Structure formats: structure tokens, C-alpha cells
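What's in model_39.pdb: PDB, C-alpha atoms
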ATOM      1  CA  MET R   1       6.869  12.373   1.522
ATOM      2  CA  ILE R   2       4.251   9.692   2.023
ATOM      3  CA  LEU R   3       4.526   6.374   0.186
ATOM      4  CA  SER R   4       1.978   3.616   0.650
ATOM      5  CA  MET R   5       3.097   0.089   1.475
ATOM      6  CA  THR R   6       0.314  -1.151  -0.795
ATOM      7  CA  GLY R   7       1.538  -1.438  -4.362
ATOM      8  CA  PHE R   8       1.095  -3.268  -7.641
ATOM      9  CA  GLY R   9       3.148  -3.408 -10.819
ATOM     10  CA  ARG R  10       3.072  -5.646 -13.893
ATOM     11  CA  ALA R  11       5.282  -5.782 -16.959
ATOM     12  CA  GLU R  12       5.849  -8.298 -19.722
ATOM     13  CA  GLY R  13       8.065  -8.863 -22.728
ATOM     14  CA  VAL R  14       9.018 -11.411 -25.368
ATOM     15  CA  PHE R  15      12.376 -13.091 -25.976
ATOM     16  CA  GLU R  16      12.889 -15.630 -28.764
ATOM     17  CA  GLY R  17       9.332 -16.918 -28.728
ATOM     18  CA  LYS R  18       8.990 -16.847 -24.934
ATOM     19  CA  LYS R  19       6.530 -14.493 -23.248
ATOM     20  CA  ILE R  20       7.831 -13.403 -19.831
ATOM     21  CA  ALA R  21       5.519 -11.616 -17.363
ATOM     22  CA  ILE R  22       6.355 -10.285 -13.891
ATOM     23  CA  ASP R  23       3.757  -9.262 -11.284
ATOM     24  CA  ILE R  24       4.707  -7.483  -8.049
ATOM     25  CA  LYS R  25       2.199  -6.703  -5.310
ATOM     26  CA  SER R  26       2.525  -5.730  -1.651
ATOM     27  CA  LEU R  27       0.457  -5.161   1.487
ATOM     28  CA  ASN R  28       1.435  -3.506   4.750
ATOM     29  CA  SER R  29       3.736  -5.320   7.156
ATOM     30  CA  LYS R  30       6.017  -4.349  10.048
ATOM     31  CA  SER R  31       9.021  -5.766   8.209
ATOM     32  CA  PHE R  32      10.057  -6.925   4.738
ATOM     33  CA  ASP R  33       8.387 -10.243   3.930
ATOM     34  CA  LEU R  34       9.171 -11.394   0.383
ATOM     35  CA  ASN R  35       7.664 -14.337  -1.498
ATOM     36  CA  VAL R  36       9.109 -15.029  -4.967
ATOM     37  CA  LYS R  37       7.862 -17.654  -7.427
ATOM     38  CA  VAL R  38       9.853 -18.250 -10.608
ATOM     39  CA  PRO R  39       9.765 -20.993 -13.281
ATOM     40  CA  MET R  40      12.365 -23.728 -12.857
ATOM     41  CA  ARG R  41      14.198 -22.315 -15.878
ATOM     42  CA  TYR R  42      15.013 -19.120 -13.917
ATOM     43  CA  LYS R  43      15.599 -20.742 -10.521
ATOM     44  CA  GLU R  44      19.331 -20.024 -10.619
ATOM     45  CA  LYS R  45      18.562 -16.292 -10.837
ATOM     46  CA  GLU R  46      16.103 -16.180  -7.942
ATOM     47  CA  PHE R  47      18.665 -14.764  -5.494
ATOM     48  CA  GLU R  48      19.478 -11.858  -7.836
ATOM     49  CA  ILE R  49      15.773 -11.162  -8.353
ATOM     50  CA  ARG R  50      15.246 -11.141  -4.588
ATOM     51  CA  LYS R  51      18.130  -8.699  -4.087
ATOM     52  CA  MET R  52      16.740  -6.265  -6.664
ATOM     53  CA  LEU R  53      13.334  -6.372  -4.991
ATOM     54  CA  ASN R  54      14.813  -5.971  -1.520
ATOM     55  CA  ASP R  55      16.826  -2.901  -2.549
ATOM     56  CA  ARG R  56      13.838  -1.112  -4.067
ATOM     57  CA  ILE R  57      10.781  -2.126  -2.055
ATOM     58  CA  ILE R  58      12.198  -1.622   1.500
ATOM     59  CA  ARG R  59       9.186  -2.837   3.527
ATOM     60  CA  GLY R  60       5.897  -4.687   3.167
ATOM     61  CA  LYS R  61       4.477  -8.165   2.568
ATOM     62  CA  VAL R  62       5.543  -8.645  -1.047
ATOM     63  CA  ASP R  63       4.638 -11.280  -3.644
ATOM     64  CA  CYS R  64       6.558 -11.462  -6.926
ATOM     65  CA  TYR R  65       5.465 -13.890  -9.630
ATOM     66  CA  VAL R  66       7.511 -14.560 -12.769
ATOM     67  CA  SER R  67       5.624 -16.497 -15.460
ATOM     68  CA  LEU R  68       6.862 -17.974 -18.716
ATOM     69  CA  GLU R  69       4.821 -18.925 -21.794
ATOM     70  CA  ASN R  70       6.143 -20.461 -25.035
ATOM     71  CA  LEU R  71       4.587 -18.702 -28.003
ATOM     72  CA  GLN R  72       6.151 -20.996 -30.597
ATOM     73  CA  GLU R  73       5.576 -24.711 -31.053
ATOM     74  CA  SER R  74       8.617 -26.717 -30.114
ATOM     75  CA  ASN R  75       9.522 -30.384 -30.263
ATOM     76  CA  ASP R  76      11.741 -30.594 -27.207
ATOM     77  CA  VAL R  77      10.235 -33.883 -25.985
ATOM     78  CA  LYS R  78      12.566 -36.871 -26.147
ATOM     79  CA  ILE R  79      11.221 -40.412 -25.910
ATOM     80  CA  ASN R  80      13.820 -42.915 -24.756
ATOM     81  CA  ARG R  81      12.645 -45.909 -26.789
ATOM     82  CA  THR R  82      15.455 -48.221 -25.660
ATOM     83  CA  LEU R  83      14.743 -47.558 -21.989
ATOM     84  CA  ILE R  84      10.989 -47.975 -22.463
ATOM     85  CA  ASP R  85      11.511 -51.350 -24.201
ATOM     86  CA  SER R  86      13.721 -52.433 -21.302
ATOM     87  CA  TYR R  87      11.033 -51.330 -18.780
ATOM     88  CA  MET R  88       8.366 -53.293 -20.696
ATOM     89  CA  ASN R  89      10.498 -56.447 -20.827
ATOM     90  CA  GLU R  90      11.134 -56.297 -17.115
ATOM     91  CA  LEU R  91       7.443 -55.710 -16.369
ATOM     92  CA  ARG R  92       6.486 -58.609 -18.640
ATOM     93  CA  SER R  93       8.987 -60.921 -16.928
ATOM     94  CA  VAL R  94       7.456 -60.109 -13.551
ATOM     95  CA  ALA R  95       3.778 -60.002 -14.468
ATOM     96  CA  GLY R  96       3.726 -62.517 -17.296
ATOM     97  CA  ASP R  97       2.143 -62.185 -20.702
ATOM     98  CA  GLY R  98      -0.321 -59.367 -21.087
ATOM     99  CA  PRO R  99      -1.372 -56.573 -23.466
ATOM    100  CA  ASP R 100       1.677 -54.567 -24.569
ATOM    101  CA  PHE R 101      -0.381 -51.378 -24.307
ATOM    102  CA  GLU R 102      -0.803 -51.845 -20.550
ATOM    103  CA  TYR R 103       2.944 -52.355 -20.104
ATOM    104  CA  LEU R 104       3.579 -49.273 -22.251
ATOM    105  CA  LYS R 105       1.318 -47.117 -20.056
ATOM    106  CA  MET R 106       3.302 -48.207 -16.995
ATOM    107  CA  ALA R 107       6.697 -47.864 -18.678
ATOM    108  CA  VAL R 108       6.243 -44.230 -19.815
ATOM    109  CA  ARG R 109       5.597 -43.207 -16.212
ATOM    110  CA  LEU R 110       8.933 -44.563 -15.021
ATOM    111  CA  PRO R 111      12.054 -42.362 -14.599
ATOM    112  CA  ASP R 112      13.719 -40.925 -17.720
ATOM    113  CA  ALA R 113      11.305 -42.637 -20.103
ATOM    114  CA  ILE R 114      10.234 -39.229 -21.415
ATOM    115  CA  SER R 115      12.313 -36.090 -20.962
ATOM    116  CA  THR R 116      12.237 -32.520 -22.212
ATOM    117  CA  LYS R 117      15.215 -30.795 -23.631
ATOM    118  CA  GLN R 118      15.687 -27.208 -22.448
ATOM    119  CA  ASP R 119      18.244 -24.796 -23.775
ATOM    120  CA  GLU R 120      20.320 -22.988 -21.162
ATOM    121  CA  LEU R 121      19.454 -19.481 -19.967
ATOM    122  CA  ASN R 122      21.664 -17.065 -21.884
ATOM    123  CA  GLU R 123      22.728 -13.456 -21.255
ATOM    124  CA  GLY R 124      20.207 -12.045 -23.726
ATOM    125  CA  GLU R 125      17.257 -13.687 -21.988
ATOM    126  CA  TRP R 126      18.506 -12.690 -18.525
ATOM    127  CA  LYS R 127      18.930  -9.086 -19.714
ATOM    128  CA  THR R 128      15.332  -9.141 -20.950
ATOM    129  CA  ILE R 129      14.147 -10.426 -17.553
ATOM    130  CA  ILE R 130      15.980  -7.586 -15.788
ATOM    131  CA  GLU R 131      14.378  -5.002 -18.096
ATOM    132  CA  ILE R 132      10.924  -6.453 -17.438
ATOM    133  CA  LEU R 133      11.569  -6.549 -13.683
ATOM    134  CA  LEU R 134      12.722  -2.912 -13.637
ATOM    135  CA  SER R 135       9.646  -1.886 -15.616
ATOM    136  CA  ALA R 136       7.374  -3.742 -13.143
ATOM    137  CA  LEU R 137       9.174  -2.053 -10.235
ATOM    138  CA  GLU R 138       8.688   1.407 -11.779
ATOM    139  CA  LYS R 139       4.948   0.784 -12.135
ATOM    140  CA  PHE R 140       4.870  -0.639  -8.608
ATOM    141  CA  GLU R 141       6.564   2.478  -7.188
ATOM    142  CA  GLU R 142       4.246   4.768  -9.144
ATOM    143  CA  PHE R 143       1.292   2.939  -7.622
ATOM    144  CA  ARG R 144       2.789   3.486  -4.155
ATOM    145  CA  LYS R 145       3.180   7.209  -4.840
ATOM    146  CA  THR R 146      -0.428   7.533  -6.004
ATOM    147  CA  GLU R 147      -1.728   5.676  -2.960
ATOM    148  CA  GLY R 148       0.634   7.729  -0.786
ATOM    149  CA  ASN R 149      -0.875  10.995  -2.045
ATOM    150  CA  ILE R 150      -4.330   9.757  -1.049
ATOM    151  CA  LEU R 151      -3.014   8.734   2.385
ATOM    152  CA  HIS R 152      -1.347  12.145   2.776
ATOM    153  CA  GLU R 153      -4.617  13.987   2.227
ATOM    154  CA  GLU R 154      -6.491  11.740   4.670
ATOM    155  CA  LEU R 155      -3.822  12.130   7.355
ATOM    156  CA  LYS R 156      -3.681  15.886   6.822
ATOM    157  CA  ARG R 157      -7.478  16.122   7.222
ATOM    158  CA  ASN R 158      -7.503  14.100  10.454
ATOM    159  CA  LEU R 159      -4.605  16.084  11.921
ATOM    160  CA  SER R 160      -6.496  19.282  11.119
ATOM    161  CA  ASN R 161      -9.599  17.894  12.857
ATOM    162  CA  ILE R 162      -7.621  17.261  16.061
ATOM    163  CA  GLU R 163      -6.089  20.758  15.915
ATOM    164  CA  LYS R 164      -9.560  22.276  15.538
ATOM    165  CA  SER R 165     -10.873  20.173  18.424
ATOM    166  CA  LEU R 166      -7.979  21.413  20.553
ATOM    167  CA  ASP R 167      -9.036  25.010  19.857
ATOM    168  CA  ASP R 168     -12.619  24.096  20.742
ATOM    169  CA  VAL R 169     -11.492  23.133  24.257
ATOM    170  CA  ILE R 170     -10.400  26.694  25.162
ATOM    171  CA  PRO R 171     -13.841  28.272  25.915
ATOM    172  CA  PHE R 172     -14.895  25.356  28.096
ATOM    173  CA  GLU R 173     -11.588  25.318  29.955
ATOM    174  CA  GLU R 174     -12.207  28.728  31.573
ATOM    175  CA  VAL R 175     -15.801  27.824  32.449
ATOM    176  CA  ARG R 176     -14.614  24.542  33.976
ATOM    177  CA  LEU R 177     -12.104  26.192  36.338
ATOM    178  CA  SER R 178     -14.617  28.852  37.373
ATOM    179  CA  SER R 179     -17.154  26.127  38.135
ATOM    180  CA  VAL R 180     -14.642  24.256  40.310
ATOM    181  CA  LYS R 181     -13.768  27.438  42.189
ATOM    182  CA  GLU R 182     -17.438  28.268  42.842
ATOM    183  CA  ARG R 183     -18.090  24.720  44.082
ATOM    184  CA  TYR R 184     -15.185  24.901  46.521
ATOM    185  CA  GLU R 185     -16.236  28.348  47.820
ATOM    186  CA  LYS R 186     -19.799  27.140  48.354
ATOM    187  CA  THR R 187     -18.448  24.184  50.329
ATOM    188  CA  LEU R 188     -16.376  26.545  52.457
ATOM    189  CA  LYS R 189     -19.467  28.538  53.492
ATOM    190  CA  GLU R 190     -21.268  25.394  54.634
ATOM    191  CA  PHE R 191     -18.717  24.671  57.339
ATOM    192  CA  GLU R 192     -17.631  26.607  60.410
ATOM    193  CA  ASN R 193     -14.125  26.945  61.829
ATOM    194  CA  VAL R 194     -12.443  26.058  58.553
ATOM    195  CA  ASP R 195      -8.825  27.009  58.065
ATOM    196  CA  GLU R 196      -9.214  29.187  54.998
ATOM    197  CA  THR R 197      -5.481  29.194  54.256
ATOM    198  CA  ARG R 198      -5.360  25.421  54.208
ATOM    199  CA  PHE R 199      -8.602  25.308  52.238
ATOM    200  CA  TYR R 200      -7.272  27.565  49.486
ATOM    201  CA  GLN R 201      -4.033  25.599  49.437
ATOM    202  CA  GLU R 202      -6.012  22.448  48.786
ATOM    203  CA  MET R 203      -8.126  24.209  46.178
ATOM    204  CA  ALA R 204      -4.987  25.456  44.420
ATOM    205  CA  TYR R 205      -3.589  21.917  44.489
ATOM    206  CA  TYR R 206      -6.680  20.377  42.888
ATOM    207  CA  THR R 207      -6.990  23.234  40.405
ATOM    208  CA  GLU R 208      -3.399  22.567  39.345
ATOM    209  CA  LYS R 209      -4.150  18.872  38.971
ATOM    210  CA  LEU R 210      -7.030  19.753  36.669
ATOM    211  CA  ASP R 211      -4.961  22.175  34.611
ATOM    212  CA  ILE R 212      -4.576  20.917  31.031
ATOM    213  CA  SER R 213      -2.424  23.695  29.581
ATOM    214  CA  GLU R 214       0.705  21.498  29.439
ATOM    215  CA  GLU R 215      -1.168  18.687  27.708
ATOM    216  CA  LYS R 216      -2.515  21.155  25.142
ATOM    217  CA  VAL R 217       0.964  22.511  24.417
ATOM    218  CA  ARG R 218       2.506  19.040  24.088
ATOM    219  CA  LEU R 219      -0.379  17.822  21.934
ATOM    220  CA  ALA R 220       0.020  20.792  19.593
ATOM    221  CA  GLN R 221       3.776  20.099  19.378
ATOM    222  CA  HIS R 222       3.215  16.426  18.566
ATOM    223  CA  LEU R 223       0.695  17.309  15.847
ATOM    224  CA  LYS R 224       3.179  19.712  14.269
ATOM    225  CA  TYR R 225       5.989  17.154  14.516
ATOM    226  CA  TYR R 226       3.821  14.526  12.832
ATOM    227  CA  SER R 227       3.027  16.942  10.026
ATOM    228  CA  ASP R 228       6.702  17.905   9.564
ATOM    229  CA  VAL R 229       7.860  14.283   9.378
ATOM    230  CA  MET R 230       5.008  13.405   7.025
ATOM    231  CA  ASN R 231       5.923  16.216   4.626
ATOM    232  CA  ASN R 232       9.717  16.163   4.786
ATOM    233  CA  GLU R 233      11.026  12.659   5.510
ATOM    234  CA  ASN R 234      11.078   9.533   3.339
ATOM    235  CA  PHE R 235      10.234   5.996   4.529
ATOM    236  CA  ASN R 236       8.679   7.561   7.627
ATOM    237  CA  GLY R 237       5.933   5.064   8.506
ATOM    238  CA  LYS R 238       7.505   3.677  11.686
ATOM    239  CA  LYS R 239       8.425   7.141  12.956
ATOM    240  CA  LEU R 240       4.909   8.429  12.328
ATOM    241  CA  GLY R 241       3.581   5.442  14.272
ATOM    242  CA  PHE R 242       5.665   6.402  17.320
ATOM    243  CA  ILE R 243       4.501  10.034  17.128
ATOM    244  CA  ALA R 244       0.876   8.888  16.886
ATOM    245  CA  GLN R 245       1.380   6.967  20.155
ATOM    246  CA  GLU R 246       2.577  10.181  21.843
ATOM    247  CA  ILE R 247      -0.432  12.072  20.475
ATOM    248  CA  GLY R 248      -2.654   9.379  22.009
ATOM    249  CA  ARG R 249      -1.005   9.746  25.434
ATOM    250  CA  GLU R 250      -1.675  13.500  25.536
ATOM    251  CA  ILE R 251      -5.287  13.087  24.407
ATOM    252  CA  ASN R 252      -5.879  10.412  27.090
ATOM    253  CA  THR R 253      -4.362  12.605  29.809
ATOM    254  CA  LEU R 254      -6.412  15.571  28.644
ATOM    255  CA  GLY R 255      -9.549  13.450  28.870
ATOM    256  CA  SER R 256      -8.752  12.137  32.350
ATOM    257  CA  LYS R 257      -8.171  15.671  33.673
ATOM    258  CA  ALA R 258     -11.019  17.358  31.837
ATOM    259  CA  ASN R 259     -13.765  17.050  34.484
ATOM    260  CA  HIS R 260     -16.191  18.694  32.062
ATOM    261  CA  ALA R 261     -18.873  17.083  29.893
ATOM    262  CA  GLU R 262     -18.287  19.191  26.778
ATOM    263  CA  ILE R 263     -14.515  18.724  26.914
ATOM    264  CA  GLN R 264     -15.060  14.972  27.267
ATOM    265  CA  LYS R 265     -17.143  15.031  24.075
ATOM    266  CA  ILE R 266     -14.346  16.864  22.273
ATOM    267  CA  VAL R 267     -11.808  14.325  23.555
ATOM    268  CA  VAL R 268     -13.942  11.487  22.142
ATOM    269  CA  MET R 269     -13.882  13.227  18.740
ATOM    270  CA  MET R 270     -10.089  13.558  19.014
ATOM    271  CA  LYS R 271      -9.759   9.856  19.761
ATOM    272  CA  ASP R 272     -11.913   9.006  16.753
ATOM    273  CA  ASP R 273      -9.650  11.044  14.457
ATOM    274  CA  LEU R 274      -6.549   9.570  16.094
ATOM    275  CA  GLU R 275      -7.753   6.011  15.442
ATOM    276  CA  LYS R 276      -8.091   6.896  11.764
ATOM    277  CA  ILE R 277      -4.552   8.308  11.807
ATOM    278  CA  LYS R 278      -3.177   5.147  13.432
ATOM    279  CA  GLU R 279      -4.958   2.933  10.927
ATOM    280  CA  GLN R 280      -3.680   5.005   7.991
ATOM    281  CA  THR R 281      -0.164   5.181   9.427
ATOM    282  CA  LEU R 282       0.052   1.376   9.385
ATOM    283  CA  ASN R 283       0.037   1.567   5.589
ATOM    284  CA  VAL R 284       2.769   4.223   5.315
ATOM    285  CA  LEU R 285       6.133   2.949   4.083
TER
END
Transcribe the structure of this file into C-alpha cells.
Amino acid sequence: MILSMTGFGRAEGVFEGKKIAIDIKSLNSKSFDLNVKVPMRYKEKEFEIRKMLNDRIIRGKVDCYVSLENLQESNDVKINRTLIDSYMNELRSVAGDGPDFEYLKMAVRLPDAISTKQDELNEGEWKTIIEILLSALEKFEEFRKTEGNILHEELKRNLSNIEKSLDDVIPFEEVRLSSVKERYEKTLKEFENVDETRFYQEMAYYTEKLDISEEKVRLAQHLKYYSDVMNNENFNGKKLGFIAQEIGREINTLGSKANHAEIQKIVVMMKDDLEKIKEQTLNVL
């Protein structure tokens, strides 16, 4: 089964006047690269959030953003009047008499002059965050499945193109060997006192070197193996990448041994389809 490494999922919920939203998105990557951003209020839970993402997402360059918005007005700001007065007196003693407003502007910027009171994260809020995260992950995984189905069809089409091109080689293969044989026989007639036994031994040697039957068999096997892994194994992106490399080796060898213009054209078409397969395989989980 094909799953795409590209994914996106978003979910949100409300808990006691706080709107919590979680966005998860990923792009392809050779390994698991996770970036998590959470509000300071949830910083203590970042490790648990990371673990949940790691267990479900497996691989990819992943960004997870947790946002928090207060829907209700709150008066959690505390002004430390005593401390501010002390700051102003000290500033006045250093700088001398001046407008109190200027000293006030400086004093409120100093440490602990103004603070915000935050209630502690409780079990109910954490449970809500988990529910939202699981919902975002479900949407994220559904996105990966949808993208994976598209990838599957594209890969299937390109594999089929290479298989068809491999069949197209067969008629030219027989013509190619006959042409080589005729060229060698013509050369033989142009020379006198040629050891025909040795000549035909050499011709058999070069004909064998030009034989592409083994490459065709191995290429067909690799194409079938790729298709089997694609259809029957999960999290198969890396494995499909290795098989695609083997497909490329057989196509290259076939091209180097072809010695025929039409076969070379077919090989170029195979390489074009293989490049598409390699590019698509990079995005398979």
C-alpha cells in the first residue's frame, strides 16, 4: 500500500474559553525530521506531543504548530505598585527631579513590574489537547492515503510504460543480430586466408556480448518485484527506491549493449519513465 510522505491535518477545539488549534504538515525526507511549536503554557507537554507524532508519522519533514487563543476577556494582569514606586524613587535619586510620567514609563519596563497570572494546566485541558491532536493526525493520515492513491496510479502507469517498451525491443533484437552476422560474413569474404573457425569463434563471442536476453529477464523481474512491493507492503518507500536503482542498472546495460538505433530510442523512453518513477518514489512513505 502506497502512502505519501506529503500530508496535512488540522483540528481545533475549545476548553473553558480557550480555543486550541493544531496544524500538522509534512514533506518528503530521508528520515524523520520533526519541528514542534507550542505555546509556553503547554511547554511541559511538548515531549509527549513529540512522542505521539513520532509513533504515527514514521518519516518525513514534519511541522506541528499548536496555537492558543483566549475567547473570553480576562483580567490576569497584575501591576506591582509597590515595586514600581520603588523603581521610580531609585530612578529619581539617580537622575534628579523630572516628570513622573517619564520615570513611570521606565519603571514599568523593569523586571516584575507587570506580570500575568496563569492558571496551571489541568487534566481536563490536557485531555482536550490529546483529542484535538488525534483528530489532526487522523486527517493528516487520510491526506497521506489520498495522495498515496494518486502516486500509486502514476507509478503503475510508468511501470506499464517500461514493460511495454521492453516488449517493443523484441522485433528489433532479431534484426540487430542478423545485421551483425551479415556484416561479419561480408568482412570474411573481403579477406583471403582467414581462419574461418577462429573467425566464427570471435563472431560468437561478440554476438554473446551483444545478447540482451539476460538484461530483459532481470528487468522484467525487477518491474514485477517493484509492483509486488508497491501493492503488498506498508512503509515501502525506501525499498522501492532500492528496486528502482536496480531497474536503472538493467536499462543502462541494455542500452550499452543494444548497438541498434531503434533499441536506443526505446531505451531513452525507458529512462524517461524511470526518472518519473524515481521522483515519485522519493515521496513514498
*For atom CA of Leu285 of chain R and atom CA of Thr6 of chain R, quote the distance in Å rounded to one decimal.*
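Interatomic distance, atom CA of Leu285 of chain R to atom CA of Thr6 of chain R: 8.6 Å.
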*Find the residue from R:Val284, R:Glu12, R:Met269, R:Thr146 that sits nearest to Val229 of chain R; use all atoms listed in the file when measuring.*
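Selected residue with least distance to Val229 of chain R: R:Val284.
Counting all atoms listed in the file and comparing R:Ala220, R:Ala11, R:Val94, R:Met88, the residue that lies closest to Lys164 of chain R is R:Ala220.
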*Could you jot down the atom CA of Lys43 of chain R to atom CA of Ser135 of chain R separation for me, Å, one decimal place?*
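Taking atom CA of Lys43 of chain R and atom CA of Ser135 of chain R, their separation equals 20.4 Å.
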Can you tell me which residues surround His152 of chain R at a distance of at most 8 Å, considering all atoms listed in the file, apart from same-chain residues fewer than 4 positions away, and format the answer as an mmCIF file with C-alpha atoms, in the coordinates of the input?
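File result_35.cif, as written:
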data_model
loop_
_atom_site.group_PDB
_atom_site.id
_atom_site.type_symbol
_atom_site.label_atom_id
_atom_site.label_comp_id
_atom_site.auth_asym_id
_atom_site.auth_seq_id
_atom_site.Cartn_x
_atom_site.Cartn_y
_atom_site.Cartn_z
ATOM 1 C CA ILE R 2 4.251 9.692 2.023
ATOM 2 C CA GLY R 148 0.634 7.729 -0.786
ATOM 3 C CA LYS R 156 -3.681 15.886 6.822
ATOM 4 C CA MET R 230 5.008 13.405 7.025
#
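Using all atoms listed in the file, the smallest distance between any of R:Asn259, R:Thr128, R:Gln264, R:Thr82 and Asp112 of chain R comes from R:Thr82.
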Sort by chain and increasing residue number a table of all residues of segment 36-122 of chain R within 12 Å of segment 236-258 of chain R, each with its closest pair of atoms and their distance in Å to one decimal, counting only C-alpha atoms, and write it as a Markdown table.
| residue | atom | partner | partner_atom | distance |
| --- | --- | --- | --- | --- |
| R:Ile58 | CA | R:Gly237 | CA | 11.5 |
| R:Arg59 | CA | R:Gly237 | CA | 9.9 |
| R:Gly60 | CA | R:Gly237 | CA | 11.1 |
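If all atoms listed in the file are the atoms counted, then among R:Pro111, R:Asn158, R:Ile150, R:Glu120 the closest residue to Glu44 of chain R is R:Glu120.
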*On this file, the PyMOL selection byres ((chain R and resi 85) around 12) gives some set of residues; write that set as a list of chain:residue names.*
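Here the PyMOL selection byres ((chain R and resi 85) around 12) matches R:Ile79, R:Asn80, R:Arg81, R:Thr82, R:Leu83, R:Ile84, R:Ser86, R:Tyr87, R:Met88, R:Asn89, R:Glu90, R:Leu91, R:Arg92, R:Asp100, R:Phe101, R:Tyr103, R:Leu104, R:Lys105, R:Met106, R:Ala107, R:Val108, R:Leu110, R:Ala113.
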Taking C-alpha atoms for each residue, export the selection above as an mmCIF file, keeping the file's coordinate frame.
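Full text of result_35.cif as output:
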data_model
loop_
_atom_site.group_PDB
_atom_site.id
_atom_site.type_symbol
_atom_site.label_atom_id
_atom_site.label_comp_id
_atom_site.auth_asym_id
_atom_site.auth_seq_id
_atom_site.Cartn_x
_atom_site.Cartn_y
_atom_site.Cartn_z
ATOM 1 C CA ILE R 79 11.221 -40.412 -25.910
ATOM 2 C CA ASN R 80 13.820 -42.915 -24.756
ATOM 3 C CA ARG R 81 12.645 -45.909 -26.789
ATOM 4 C CA THR R 82 15.455 -48.221 -25.660
ATOM 5 C CA LEU R 83 14.743 -47.558 -21.989
ATOM 6 C CA ILE R 84 10.989 -47.975 -22.463
ATOM 7 C CA SER R 86 13.721 -52.433 -21.302
ATOM 8 C CA TYR R 87 11.033 -51.330 -18.780
ATOM 9 C CA MET R 88 8.366 -53.293 -20.696
ATOM 10 C CA ASN R 89 10.498 -56.447 -20.827
ATOM 11 C CA GLU R 90 11.134 -56.297 -17.115
ATOM 12 C CA LEU R 91 7.443 -55.710 -16.369
ATOM 13 C CA ARG R 92 6.486 -58.609 -18.640
ATOM 14 C CA ASP R 100 1.677 -54.567 -24.569
ATOM 15 C CA PHE R 101 -0.381 -51.378 -24.307
ATOM 16 C CA TYR R 103 2.944 -52.355 -20.104
ATOM 17 C CA LEU R 104 3.579 -49.273 -22.251
ATOM 18 C CA LYS R 105 1.318 -47.117 -20.056
ATOM 19 C CA MET R 106 3.302 -48.207 -16.995
ATOM 20 C CA ALA R 107 6.697 -47.864 -18.678
ATOM 21 C CA VAL R 108 6.243 -44.230 -19.815
ATOM 22 C CA LEU R 110 8.933 -44.563 -15.021
ATOM 23 C CA ALA R 113 11.305 -42.637 -20.103
#
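Checking R:Lys271, R:Lys145, R:Arg41, R:Lys51 one by one against Leu133 of chain R, counting all atoms listed in the file, you find the shortest gap at R:Lys51.
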*Pick out the closest residue to Leu282 of chain R from this set: R:Asn149, R:Asn161, R:Ser29, R:Asn234. Count only C-alpha atoms.*
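Distance minimum relative to Leu282 of chain R lands on R:Ser29.
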*asked:* Just the number, please: distance in Å from atom CA of Ala136 of chain R to atom CA of Glu233 of chain R, one decimal.
replied: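 About the pair atom CA of Ala136 of chain R and atom CA of Glu233 of chain R: they are 25.1 Å apart.
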Report, as lines of an AutoDock Vina configuration file, the centre and edge lengths in Å (one decimal) of the axis-aligned box enclosing every listed atom of segment 56-61 of chain R, padded by 5 Å on each side.
center_x = 9.2
center_y = -4.6
center_z = -0.3
size_x = 19.4
size_y = 17.1
size_z = 17.6
*Spatial neighbours of segment 137-143 of chain R, 9 Å, all atoms listed in the file, chain gap at least 3 places, as a list in words*: Leu3, Ser4, Thr6, Gly7, Phe8, Gly9, Arg10, Ala11, Ile24, Lys25, Ser26, Leu53, Arg56, Ile57, Ile132, Leu133, Leu134, Thr146, Glu147 and Gly148 of chain R
Run through the PyMOL selection byres ((chain R and resi 16-22) around 6) on the given coordinates and return the selected residues as a CSV table (one decimal) with C-alpha atoms, in the coordinates of the input.
chain,number,residue,atom,x,y,z
R,10,ARG,CA,3.1,-5.6,-13.9
R,11,ALA,CA,5.3,-5.8,-17.0
R,12,GLU,CA,5.8,-8.3,-19.7
R,13,GLY,CA,8.1,-8.9,-22.7
R,14,VAL,CA,9.0,-11.4,-25.4
R,15,PHE,CA,12.4,-13.1,-26.0
R,23,ASP,CA,3.8,-9.3,-11.3
R,65,TYR,CA,5.5,-13.9,-9.6
R,66,VAL,CA,7.5,-14.6,-12.8
R,67,SER,CA,5.6,-16.5,-15.5
R,68,LEU,CA,6.9,-18.0,-18.7
R,69,GLU,CA,4.8,-18.9,-21.8
R,70,ASN,CA,6.1,-20.5,-25.0
R,71,LEU,CA,4.6,-18.7,-28.0
R,72,GLN,CA,6.2,-21.0,-30.6
*Can you list, as an MDAnalysis selection string, the residues that the PyMOL selection byres ((chain R and resi 160) around 12) selects here?*
chainID R and resid 153:159 161:167 220 223:224 226:227 270 273:274 277
